[in-house]
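K.L.:
Data file structure.txt (compact mmCIF, C-alpha atoms and all ligand atoms) is appended below.
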# COMPACT_ATOMS: atom_id res chain seq x y z
CA MET C 1 112.23 124.29 25.11
CA GLU C 2 109.45 121.75 25.56
CA ARG C 3 108.80 120.92 29.18
CA LYS C 4 109.18 117.39 30.50
CA ILE C 5 106.83 116.60 33.34
CA ILE C 6 106.79 113.27 35.15
CA HIS C 7 103.76 112.19 37.16
CA VAL C 8 104.36 109.38 39.65
CA ASP C 9 101.47 107.63 41.36
CA MET C 10 102.01 104.66 43.63
CA ASP C 11 99.82 101.63 43.03
CA ALA C 12 97.15 100.87 45.65
CA PHE C 13 99.44 102.71 48.02
CA TYR C 14 98.28 101.88 51.58
CA ALA C 15 97.25 98.35 50.56
CA ALA C 16 100.53 97.67 48.74
CA ILE C 17 102.52 98.67 51.83
CA GLU C 18 100.52 96.28 54.02
CA GLN C 19 100.93 93.47 51.47
CA ARG C 20 104.65 94.14 51.31
CA ASP C 21 105.00 93.97 55.10
CA ASN C 22 102.89 90.87 55.55
CA PRO C 23 103.47 88.26 52.85
CA ASP C 24 100.30 86.40 53.92
CA LEU C 25 98.36 89.23 52.32
CA LYS C 26 99.98 88.93 48.89
CA GLY C 27 97.49 88.12 46.14
CA LYS C 28 94.54 88.60 48.50
CA PRO C 29 91.80 91.21 48.51
CA VAL C 30 92.97 93.71 51.13
CA ILE C 31 90.91 96.68 52.26
CA ILE C 32 92.42 99.54 54.21
CA GLY C 33 89.95 101.63 56.18
CA GLY C 34 88.93 99.88 59.35
CA LYS C 35 87.51 96.65 60.65
CA GLU C 36 84.77 95.09 58.54
CA ASN C 37 81.23 96.25 59.26
CA THR C 38 82.32 99.27 61.25
CA ARG C 39 81.33 102.82 60.46
CA GLY C 40 83.71 104.48 58.06
CA VAL C 41 84.94 104.21 54.53
CA VAL C 42 87.50 102.42 52.43
CA SER C 43 90.75 104.38 52.13
CA THR C 44 92.04 102.09 49.45
CA ALA C 45 91.65 98.55 48.21
CA SER C 46 94.25 96.21 46.73
CA TYR C 47 93.83 95.42 43.04
CA GLU C 48 92.52 91.97 44.03
CA ALA C 49 89.71 93.68 45.98
CA ARG C 50 88.93 96.11 43.17
CA LYS C 51 87.72 93.17 41.08
CA TYR C 52 84.69 93.12 43.37
CA GLY C 53 83.89 96.73 42.55
CA ILE C 54 85.36 98.00 45.82
CA HIS C 55 86.89 101.49 45.71
CA SER C 56 88.02 104.41 47.89
CA ALA C 57 85.33 106.22 49.89
CA MET C 58 82.94 103.25 49.71
CA PRO C 59 81.37 102.49 53.12
CA LEU C 60 83.14 99.56 54.78
CA VAL C 61 79.79 97.84 55.24
CA GLU C 62 79.25 97.84 51.49
CA ALA C 63 82.80 96.59 50.90
CA TYR C 64 82.14 93.70 53.29
CA ARG C 65 78.90 92.87 51.51
CA ARG C 66 80.76 92.67 48.21
CA CYS C 67 83.70 90.64 49.48
CA PRO C 68 83.33 89.12 52.96
CA GLU C 69 86.56 87.14 52.57
CA ALA C 70 88.66 90.29 52.17
CA VAL C 71 91.21 91.19 54.86
CA PHE C 72 90.21 94.47 56.54
CA ILE C 73 93.00 96.57 58.06
CA LYS C 74 93.04 99.84 59.98
CA PRO C 75 95.24 102.46 58.29
CA ASP C 76 98.66 103.09 59.80
CA LEU C 77 99.26 106.65 58.68
CA GLN C 78 102.61 106.98 60.44
CA LYS C 79 103.94 104.12 58.38
CA TYR C 80 102.52 105.42 55.10
CA ARG C 81 104.01 108.85 55.77
CA ARG C 82 107.39 107.31 56.35
CA VAL C 83 107.22 105.53 53.03
CA SER C 84 105.96 108.70 51.36
CA TYR C 85 108.91 110.59 52.76
CA SER C 86 111.37 108.10 51.28
CA ILE C 87 109.66 108.28 47.89
CA MET C 88 109.75 112.09 47.82
CA ARG C 89 113.44 111.96 48.79
CA ILE C 90 114.16 109.85 45.72
CA PHE C 91 112.32 112.37 43.52
CA GLU C 92 114.29 115.25 44.99
CA GLU C 93 117.54 113.65 43.89
CA TYR C 94 116.52 114.25 40.29
CA THR C 95 114.97 117.73 40.46
CA PRO C 96 114.18 120.43 43.00
CA LEU C 97 110.83 120.92 41.23
CA VAL C 98 108.75 118.31 43.01
CA GLU C 99 105.10 119.03 43.72
CA PRO C 100 103.49 116.38 45.92
CA LEU C 101 99.73 116.02 45.41
CA SER C 102 99.22 113.58 48.22
CA LEU C 103 101.27 111.00 50.11
CA ASP C 104 101.63 108.79 47.06
CA GLU C 105 101.59 111.13 44.11
CA ALA C 106 103.75 113.93 42.73
CA PHE C 107 104.60 115.95 39.68
CA LEU C 108 108.29 116.40 38.80
CA ASP C 109 109.51 118.95 36.30
CA VAL C 110 112.68 117.36 34.92
CA THR C 111 113.16 119.70 31.94
CA GLY C 112 116.41 121.03 33.36
CA SER C 113 117.60 117.73 34.83
CA GLN C 114 118.19 115.94 31.55
CA LYS C 115 121.77 117.12 31.09
CA LEU C 116 122.74 115.61 34.41
CA PHE C 117 120.61 112.49 34.59
CA GLY C 118 119.67 111.53 31.03
CA SER C 119 116.42 111.93 29.18
CA ALA C 120 113.09 112.26 30.98
CA GLU C 121 112.35 108.67 30.00
CA GLU C 122 115.62 107.49 31.52
CA ILE C 123 114.90 109.45 34.69
CA GLY C 124 111.43 107.90 34.85
CA ILE C 125 112.83 104.40 34.51
CA LYS C 126 115.46 105.07 37.20
CA ILE C 127 112.85 106.35 39.62
CA LYS C 128 110.59 103.38 39.00
CA ASP C 129 113.49 100.94 39.51
CA ARG C 130 114.65 102.63 42.68
CA ILE C 131 111.16 102.57 44.20
CA LYS C 132 111.02 98.86 43.45
CA LYS C 133 114.53 98.07 44.72
CA GLU C 134 114.67 100.37 47.75
CA LEU C 135 111.06 100.23 48.91
CA ASN C 136 109.77 97.05 47.28
CA LEU C 137 106.70 98.83 45.91
CA THR C 138 105.44 99.58 42.42
CA ALA C 139 104.74 102.99 40.98
CA SER C 140 103.03 104.03 37.77
CA ILE C 141 104.76 106.70 35.76
CA GLY C 142 103.57 109.10 33.10
CA ILE C 143 105.80 111.44 31.12
CA ALA C 144 104.44 114.31 29.02
CA PRO C 145 104.95 117.99 28.17
CA ASN C 146 102.44 119.11 30.83
CA LYS C 147 100.76 118.12 34.08
CA PHE C 148 97.42 117.16 32.60
CA LEU C 149 98.86 114.74 30.07
CA ALA C 150 101.42 113.38 32.53
CA LYS C 151 98.67 112.51 35.02
CA LEU C 152 96.57 110.79 32.38
CA SER C 153 99.62 108.91 31.13
CA SER C 154 100.53 107.45 34.51
CA ASP C 155 97.02 106.02 34.68
CA LEU C 156 97.06 104.44 31.21
CA ASN C 157 98.13 100.97 32.28
CA LYS C 158 98.09 100.96 36.06
CA PRO C 159 99.37 99.13 38.10
CA ASP C 160 103.12 99.12 37.37
CA GLY C 161 102.54 101.38 34.36
CA PHE C 162 104.98 103.43 32.32
CA ASN C 163 103.90 105.73 29.52
CA VAL C 164 105.33 108.57 27.50
CA VAL C 165 102.80 110.80 25.79
CA ASN C 166 103.78 113.62 23.44
CA ILE C 167 101.47 116.17 21.85
CA GLY C 168 101.65 114.14 18.64
CA ASP C 169 100.20 111.12 20.51
CA LEU C 170 97.14 113.03 21.68
CA LYS C 171 94.79 111.66 19.02
CA GLU C 172 95.91 108.09 19.36
CA LYS C 173 96.48 107.71 23.10
CA ILE C 174 94.35 110.32 24.85
CA TRP C 175 91.34 111.11 22.71
CA PRO C 176 89.90 107.56 22.78
CA LEU C 177 89.79 107.63 26.63
CA PRO C 178 86.38 107.93 28.29
CA ILE C 179 85.62 111.35 29.76
CA THR C 180 85.53 109.85 33.26
CA LYS C 181 89.34 109.66 33.08
CA LEU C 182 89.43 113.43 33.12
CA TRP C 183 90.11 114.76 36.58
CA GLY C 184 86.88 115.86 38.24
CA ILE C 185 84.43 114.16 35.88
CA GLY C 186 82.46 111.52 37.75
CA ASN C 187 79.65 109.26 36.66
CA LYS C 188 76.93 111.91 36.99
CA THR C 189 78.67 114.51 34.83
CA ALA C 190 79.63 111.81 32.39
CA ASN C 191 75.95 110.88 32.03
CA LYS C 192 75.03 114.51 31.48
CA LEU C 193 77.66 114.85 28.76
CA LYS C 194 76.63 111.54 27.21
CA GLY C 195 73.23 113.08 26.55
CA PHE C 196 75.07 115.38 24.13
CA ASN C 197 77.01 112.56 22.55
CA ILE C 198 80.21 113.40 24.39
CA ASN C 199 81.71 110.10 25.51
CA THR C 200 85.44 110.43 24.95
CA ILE C 201 88.09 113.06 25.62
CA GLY C 202 88.38 113.50 21.85
CA GLU C 203 84.70 114.38 21.59
CA LEU C 204 85.15 116.79 24.45
CA ALA C 205 88.08 118.41 22.63
CA ARG C 206 85.98 119.15 19.57
CA VAL C 207 82.68 120.17 21.14
CA ASP C 208 81.49 123.76 21.02
CA GLU C 209 82.91 125.66 23.99
CA SER C 210 79.65 127.49 24.72
CA LEU C 211 77.86 124.16 25.17
CA LEU C 212 80.53 123.02 27.64
CA VAL C 213 80.23 126.25 29.60
CA LYS C 214 76.47 125.76 29.73
CA LEU C 215 76.95 122.23 31.08
CA LEU C 216 79.94 122.68 33.39
CA GLY C 217 80.08 126.39 34.16
CA SER C 218 83.34 128.33 33.76
CA TRP C 219 85.20 125.08 34.29
CA GLY C 220 83.96 124.10 30.79
CA GLN C 221 86.53 126.36 29.12
CA GLU C 222 89.39 124.82 31.01
CA VAL C 223 88.14 121.32 30.30
CA LYS C 224 88.11 122.01 26.57
CA ARG C 225 91.66 123.35 26.65
CA LEU C 226 92.87 120.35 28.66
CA ALA C 227 91.19 117.93 26.27
CA ASN C 228 93.22 119.58 23.51
CA GLY C 229 96.41 118.91 25.46
CA ILE C 230 96.89 122.54 26.54
CA ASP C 231 97.96 122.99 30.15
CA PRO C 232 100.46 125.71 31.08
CA ARG C 233 100.28 125.14 34.86
CA PRO C 234 103.79 125.06 36.34
CA VAL C 235 105.09 122.48 38.80
CA VAL C 236 105.25 124.35 42.10
CA PRO C 237 107.36 122.83 44.88
CA GLU C 238 105.75 123.06 48.30
CA ARG C 239 108.30 125.46 49.72
CA ASP C 240 107.34 128.06 47.06
CA ALA C 241 103.62 127.53 47.38
CA HIS C 242 101.34 130.19 48.82
CA SER C 243 99.10 127.55 50.26
CA ILE C 244 99.19 123.88 51.16
CA GLY C 245 96.08 121.86 50.59
CA HIS C 246 94.60 118.61 49.52
CA GLU C 247 91.27 117.68 48.00
CA ILE C 248 89.51 114.47 47.08
CA THR C 249 87.05 113.93 44.23
CA PHE C 250 84.79 110.99 44.97
CA LYS C 251 84.04 108.24 42.52
CA GLU C 252 80.41 108.51 43.60
CA ASP C 253 78.81 111.54 45.24
CA ILE C 254 78.59 111.37 49.06
CA LYS C 255 75.87 112.74 51.34
CA ASP C 256 76.59 111.01 54.65
CA LYS C 257 77.91 113.57 57.16
CA LYS C 258 79.80 111.01 59.24
CA ILE C 259 81.64 109.70 56.19
CA LEU C 260 82.46 113.22 55.07
CA GLU C 261 83.78 114.02 58.54
CA ASP C 262 86.07 111.00 58.42
CA ILE C 263 87.43 112.22 55.11
CA LEU C 264 87.90 115.72 56.56
CA LEU C 265 89.93 114.22 59.38
CA GLU C 266 92.15 112.40 56.90
CA LEU C 267 92.62 115.59 54.92
CA SER C 268 93.48 117.55 58.09
CA GLN C 269 96.13 115.00 59.00
CA ASP C 270 97.55 115.09 55.53
CA VAL C 271 97.72 118.87 55.37
CA GLY C 272 99.11 119.14 58.93
CA TRP C 273 101.86 116.70 58.11
CA ARG C 274 102.77 118.52 54.93
CA LEU C 275 102.94 121.84 56.78
CA ARG C 276 105.26 120.36 59.37
CA ARG C 277 107.39 118.65 56.75
CA THR C 278 107.91 121.86 54.82
CA GLY C 279 108.35 124.03 57.91
CA PHE C 280 105.22 126.15 57.51
CA PHE C 281 102.36 127.27 59.75
CA GLY C 282 99.06 128.48 58.31
CA LYS C 283 96.69 131.16 59.54
CA THR C 284 93.74 130.70 57.21
CA ILE C 285 91.89 127.41 56.97
CA ILE C 286 89.87 127.01 53.79
CA VAL C 287 87.29 124.33 53.17
CA LYS C 288 86.15 123.68 49.63
CA LEU C 289 82.94 121.88 48.82
CA ARG C 290 81.79 120.98 45.35
CA PHE C 291 78.22 119.72 45.12
CA TYR C 292 76.93 117.13 42.67
CA ASP C 293 75.65 119.90 40.39
CA PHE C 294 79.10 121.58 40.31
CA GLN C 295 78.14 124.46 42.55
CA THR C 296 81.42 125.08 44.35
CA ILE C 297 81.90 127.04 47.54
CA THR C 298 85.01 127.85 49.52
CA ARG C 299 84.69 129.07 53.07
CA SER C 300 87.55 130.17 55.26
CA GLN C 301 88.42 131.16 58.76
CA THR C 302 91.51 133.00 59.88
CA ILE C 303 92.87 132.25 63.31
CA SER C 304 94.99 134.52 65.48
CA GLU C 305 97.90 132.12 65.86
CA ALA C 306 99.20 130.24 62.86
CA THR C 307 99.06 126.49 63.28
CA ASN C 308 100.43 123.25 61.88
CA ARG C 309 98.43 120.99 64.19
CA ASP C 310 96.11 118.34 62.75
CA ASP C 311 93.62 118.74 65.60
CA VAL C 312 93.34 122.52 65.25
CA ILE C 313 92.94 122.26 61.48
CA PHE C 314 90.32 119.55 61.85
CA LYS C 315 88.29 121.45 64.44
CA ILE C 316 87.98 124.54 62.27
CA ALA C 317 87.44 122.58 59.07
CA GLN C 318 84.66 120.68 60.83
CA GLU C 319 82.96 123.89 61.91
CA LEU C 320 83.16 125.37 58.42
CA PHE C 321 81.84 122.14 56.98
CA HIS C 322 78.82 121.96 59.28
CA LYS C 323 77.95 125.61 58.72
CA ASN C 324 77.88 125.12 54.96
CA PHE C 325 76.70 121.59 54.41
CA SER C 326 73.05 120.95 55.15
CA GLY C 327 73.07 117.39 53.83
CA GLU C 328 70.45 118.14 51.19
CA LYS C 329 72.78 118.05 48.19
CA SER C 330 75.44 115.39 47.93
CA LEU C 331 79.09 116.28 47.47
CA ARG C 332 81.48 115.31 44.69
CA LEU C 333 84.60 116.91 46.10
CA ILE C 334 85.89 118.07 49.45
CA GLY C 335 89.16 119.81 50.22
CA ILE C 336 91.15 121.60 52.91
CA THR C 337 93.77 124.24 52.25
CA LEU C 338 95.87 126.36 54.58
CA SER C 339 96.95 129.74 53.31
CA ASN C 340 98.51 132.82 54.84
CA LEU C 341 101.55 130.67 55.42
CA VAL C 342 104.19 131.72 57.90
CA LYS C 343 107.66 130.22 58.09
CA GLU C 344 108.50 128.34 61.27
CA GLU C 345 111.22 130.90 62.10
CA GLU C 346 108.68 133.72 61.93
CA VAL C 347 106.33 131.91 64.26
CA LYS C 348 109.18 131.46 66.74
CA LYS C 349 110.02 135.16 66.59
CA GLN C 350 106.45 136.14 67.29
CA LEU C 351 106.25 133.94 70.36
CA THR C 352 104.49 135.60 73.24
CA LEU C 353 104.17 134.32 76.75
CA PHE C 354 100.54 133.60 76.05
CA ASN C 355 101.08 131.15 73.22
CA LYS C 356 104.09 129.38 74.62
CA ASP C 357 102.03 126.30 75.44
CA ASN C 358 100.78 126.20 71.94
CA TYR C 359 104.29 126.42 70.65
CA LYS C 360 105.37 123.53 72.83
CA PHE C 361 102.55 121.48 71.39
CA GLU C 362 103.72 122.27 67.91
CA LYS C 363 107.29 121.33 68.74
CA LEU C 364 106.02 118.09 70.14
CA TYR C 365 104.23 117.24 66.91
CA SER C 366 107.24 117.96 64.77
CA ALA C 367 109.57 116.05 67.06
CA LEU C 368 107.26 113.04 66.98
CA ASP C 369 107.04 113.17 63.20
CA LYS C 370 110.80 113.26 62.93
CA ILE C 371 111.58 110.49 65.39
CA ASN C 372 108.93 108.18 64.03
CA LEU C 373 110.09 108.82 60.51
CA LYS C 374 113.67 108.06 61.32
CA TYR C 375 113.44 105.14 63.69
CA GLY C 376 110.20 103.50 62.73
CA LYS C 377 106.62 103.36 63.77
CA GLU C 378 105.75 104.05 67.38
CA THR C 379 109.30 104.61 68.54
CA VAL C 380 107.58 107.32 70.51
CA THR C 381 103.98 106.61 71.36
CA ARG C 382 101.37 107.23 74.04
CA ALA C 383 102.06 105.34 77.28
CA ARG C 384 98.67 103.67 77.27
CA LEU C 385 99.42 102.07 73.93
CA ILE C 386 102.49 100.25 75.19
CA LYS C 387 101.81 96.58 75.76
CA LYS C 388 103.15 95.15 79.00
P1 LIG F 401 95.17 106.96 45.13
O1 LIG F 401 96.46 107.20 44.41
O2 LIG F 401 93.92 107.58 44.62
O3 LIG F 401 94.88 105.40 45.17
P2 LIG F 401 95.87 104.20 45.37
O4 LIG F 401 97.29 104.59 45.38
O5 LIG F 401 95.40 103.41 46.54
O6 LIG F 401 95.57 103.32 44.09
P3 LIG F 401 95.94 103.59 42.57
O7 LIG F 401 96.72 104.87 42.53
O8 LIG F 401 96.75 102.39 42.15
O9 LIG F 401 94.63 103.68 41.86
O10 LIG F 401 95.31 107.35 46.65
C1 LIG F 401 96.51 107.16 47.37
C2 LIG F 401 96.25 106.81 48.82
O11 LIG F 401 95.45 107.84 49.42
C3 LIG F 401 95.46 105.53 48.98
O12 LIG F 401 96.29 104.38 49.04
C4 LIG F 401 94.69 105.77 50.22
C5 LIG F 401 94.51 107.26 50.31
N1 LIG F 401 93.13 107.66 49.95
C6 LIG F 401 92.19 107.75 50.97
O13 LIG F 401 92.52 107.54 52.14
N2 LIG F 401 90.89 108.08 50.66
C7 LIG F 401 90.48 108.32 49.37
O14 LIG F 401 89.29 108.60 49.12
C8 LIG F 401 91.47 108.21 48.31
C9 LIG F 401 91.08 108.45 46.89
C10 LIG F 401 92.76 107.87 48.67
MG MG F 402 98.05 105.88 43.93
Represent the supplied structure as structure tokens.

P.N.:
Amino acid sequence: MERKIIHVDMDAFYAAIEQRDNPDLKGKPVIIGGKENTRGVVSTASYEARKYGIHSAMPLVEAYRRCPEAVFIKPDLQKYRRVSYSIMRIFEEYTPLVEPLSLDEAFLDVTGSQKLFGSAEEIGIKIKDRIKKELNLTASIGIAPNKFLAKLSSDLNKPDGFNVVNIGDLKEKIWPLPITKLWGIGNKTANKLKGFNINTIGELARVDESLLVKLLGSWGQEVKRLANGIDPRPVVPERDAHSIGHEITFKEDIKDKKILEDILLELSQDVGWRLRRTGFFGKTIIVKLRFYDFQTITRSQTISEATNRDDVIFKIAQELFHKNFSGEKSLRLIGITLSNLVKEEEVKKQLTLFNKDNYKFEKLYSALDKINLKYGKETVTRARLIKK
């Protein structure tokens, strides 16, 4: 039976939430990241701000230069997580096979759900409607027989997009797309491929595999298969995963260590939250770096006590990063993964007197996550943050 995979990606996620919660921001260029002209990068920009060429991972200073009238807002991760949680809950009503890729994006395998809930298309429409009605946000949806095509489909007419792509539509809908739409191909690689007259996914699909391998390394083989619409990767729900991780490919390569550290912190928080949400602790922290020339390294460290704490993950990720990044070659991708996962119950069983403090800390984190999720932002917060 042909698989039916849905890819859901929220539109301008952080920015859309802020615009929803403050009507004054509607229709305005909104930049989430930090105050204008401070150190740091853009997390996301509203579609109004994107018209000025502003995009994720751009330094805030540059964003301000391009659009001084934009509204700059510090990210409120607690709030975005809460929204993310509600979105994932909607997905889980339609299938147990939900694989979140980040706070605002997930793959759903609905092959087996169609008897109960209608065709994949109908499920897609229901999910889109519910996100609009229940959360007052828009999502873009792609439906296809595999992950690769589903992800490309959701991006076809963002924002508020909806697209069904079947293998038969490959030539018409996918092959004309520029190669930069392919996950992991940025401007630099695109330029390299352009030198060989490869500008579209269709051209990539037909090019000699050995040339691709010469240009992209072993990844070249996979790229050619994907371009031909072949992608057997299953949708793996987090609870069945052997690792939990998140990586970001930049639109433009980044060299600045401070910026990269900020992104590492974001990734640590994201991975920590996902560990706590799924009830896992991880023992091995893996940092992945892909340089502009596609050289890719993964470095890991295994700790004695499994953790699900953002600060512990960040500290180790930071060390691994500094040991392996000299700053000479810019980066195109950075990622953090935790593997050697241990179930929360196991961690509890292995409690020794020595790590009881640590355990308390971990309980604190998970309790805070839960309370703040349920009752709203800063229901529980640090005393010094409470205004008199
Ligand atoms: P994306 O889905 O890449 O972007 P988006 O939802 O803002 O916009 P769209 O999908 O419509 O193109 O990322 C989701 C959220 O993740 C985004 O709102 C902010 C955060 N994010 C960062 O913090 N830093 C980054 O470099 C990226 C790419 C995303
Ligand atoms: Mg998105």

K.L.:
Using only C-alpha atoms and all ligand atoms, determine which residues fall within 6 Å of ligand LIG 401 (chain F), then list them as a ChimeraX atom specification.

P.N.:
/C:9-14,43-44,56-57,104,159

K.L.:
Show me as a PyMOL selection string the residues that reach within 8 Å of (78.6, 117.1, 41.6), counting only C-alpha atoms and using the file's own coordinates.

P.N.:
chain C and resi 186+188-189+253+290-295+330-333

K.L.:
When you look at Lys323 of chain C with a cut-off of 12 Å (counting all atoms listed in the file), what residues show up, excluding the ones that are within fewer than 2 positions of it in the same chain? I need them as a VMD selection string.

P.N.:
chain C and resid 287 289 297 to 301 316 to 321 325 to 327

K.L.:
Give me, please, the distance in Å between atom CA of Glu99 of chain C and atom CA of Glu252 of chain C, quoted to one decimal.

P.N.:
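Going from atom CA of Glu99 of chain C over to atom CA of Glu252 of chain C covers 26.8 Å.
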
K.L.:
Could you tell me how far atom CA of Val312 of chain C sits from atom CA of Gln78 of chain C, in Å to one decimal place?

P.N.:
18.7 Å

K.L.:
Which value, in Å to one decimal, gives the distance between atom CA of Leu212 of chain C and atom CA of Asp231 of chain C?

P.N.:
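Straight-line distance from atom CA of Leu212 of chain C to atom CA of Asp231 of chain C works out to 17.6 Å.
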
K.L.:
Using all atoms listed in the file, which of C:Asp155, C:Asp310, C:Asp109, C:Glu48 sits nearest Lys28 of chain C?

P.N.:
C:Glu48

K.L.:
Determine, counting all atoms listed in the file, which protein, DNA and RNA residues have an atom within 12 Å of an atom of Ala241 of chain C; residues of the same chain fewer than 2 positions away are not included. Present the result as a list in words.

P.N.:
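Neighbouring residues, sequence-local ones excluded: Leu97, Val98, Glu99, Pro100, Pro234, Val235, Val236, Pro237, Glu238, Arg239, Ser243, Ile244, Gly245, Arg274, Leu275, Thr278, Phe280, Gly282, Thr337, Leu338, Ser339, Asn340, Leu341, Val342 and Lys343 of chain C.
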
K.L.:
Of the candidates C:Gln114, C:Ser154, C:Asn199, C:Thr95, which one gets nearest to ligand MG 402 (chain F) if we count only C-alpha atoms and all ligand atoms?

P.N.:
C:Ser154
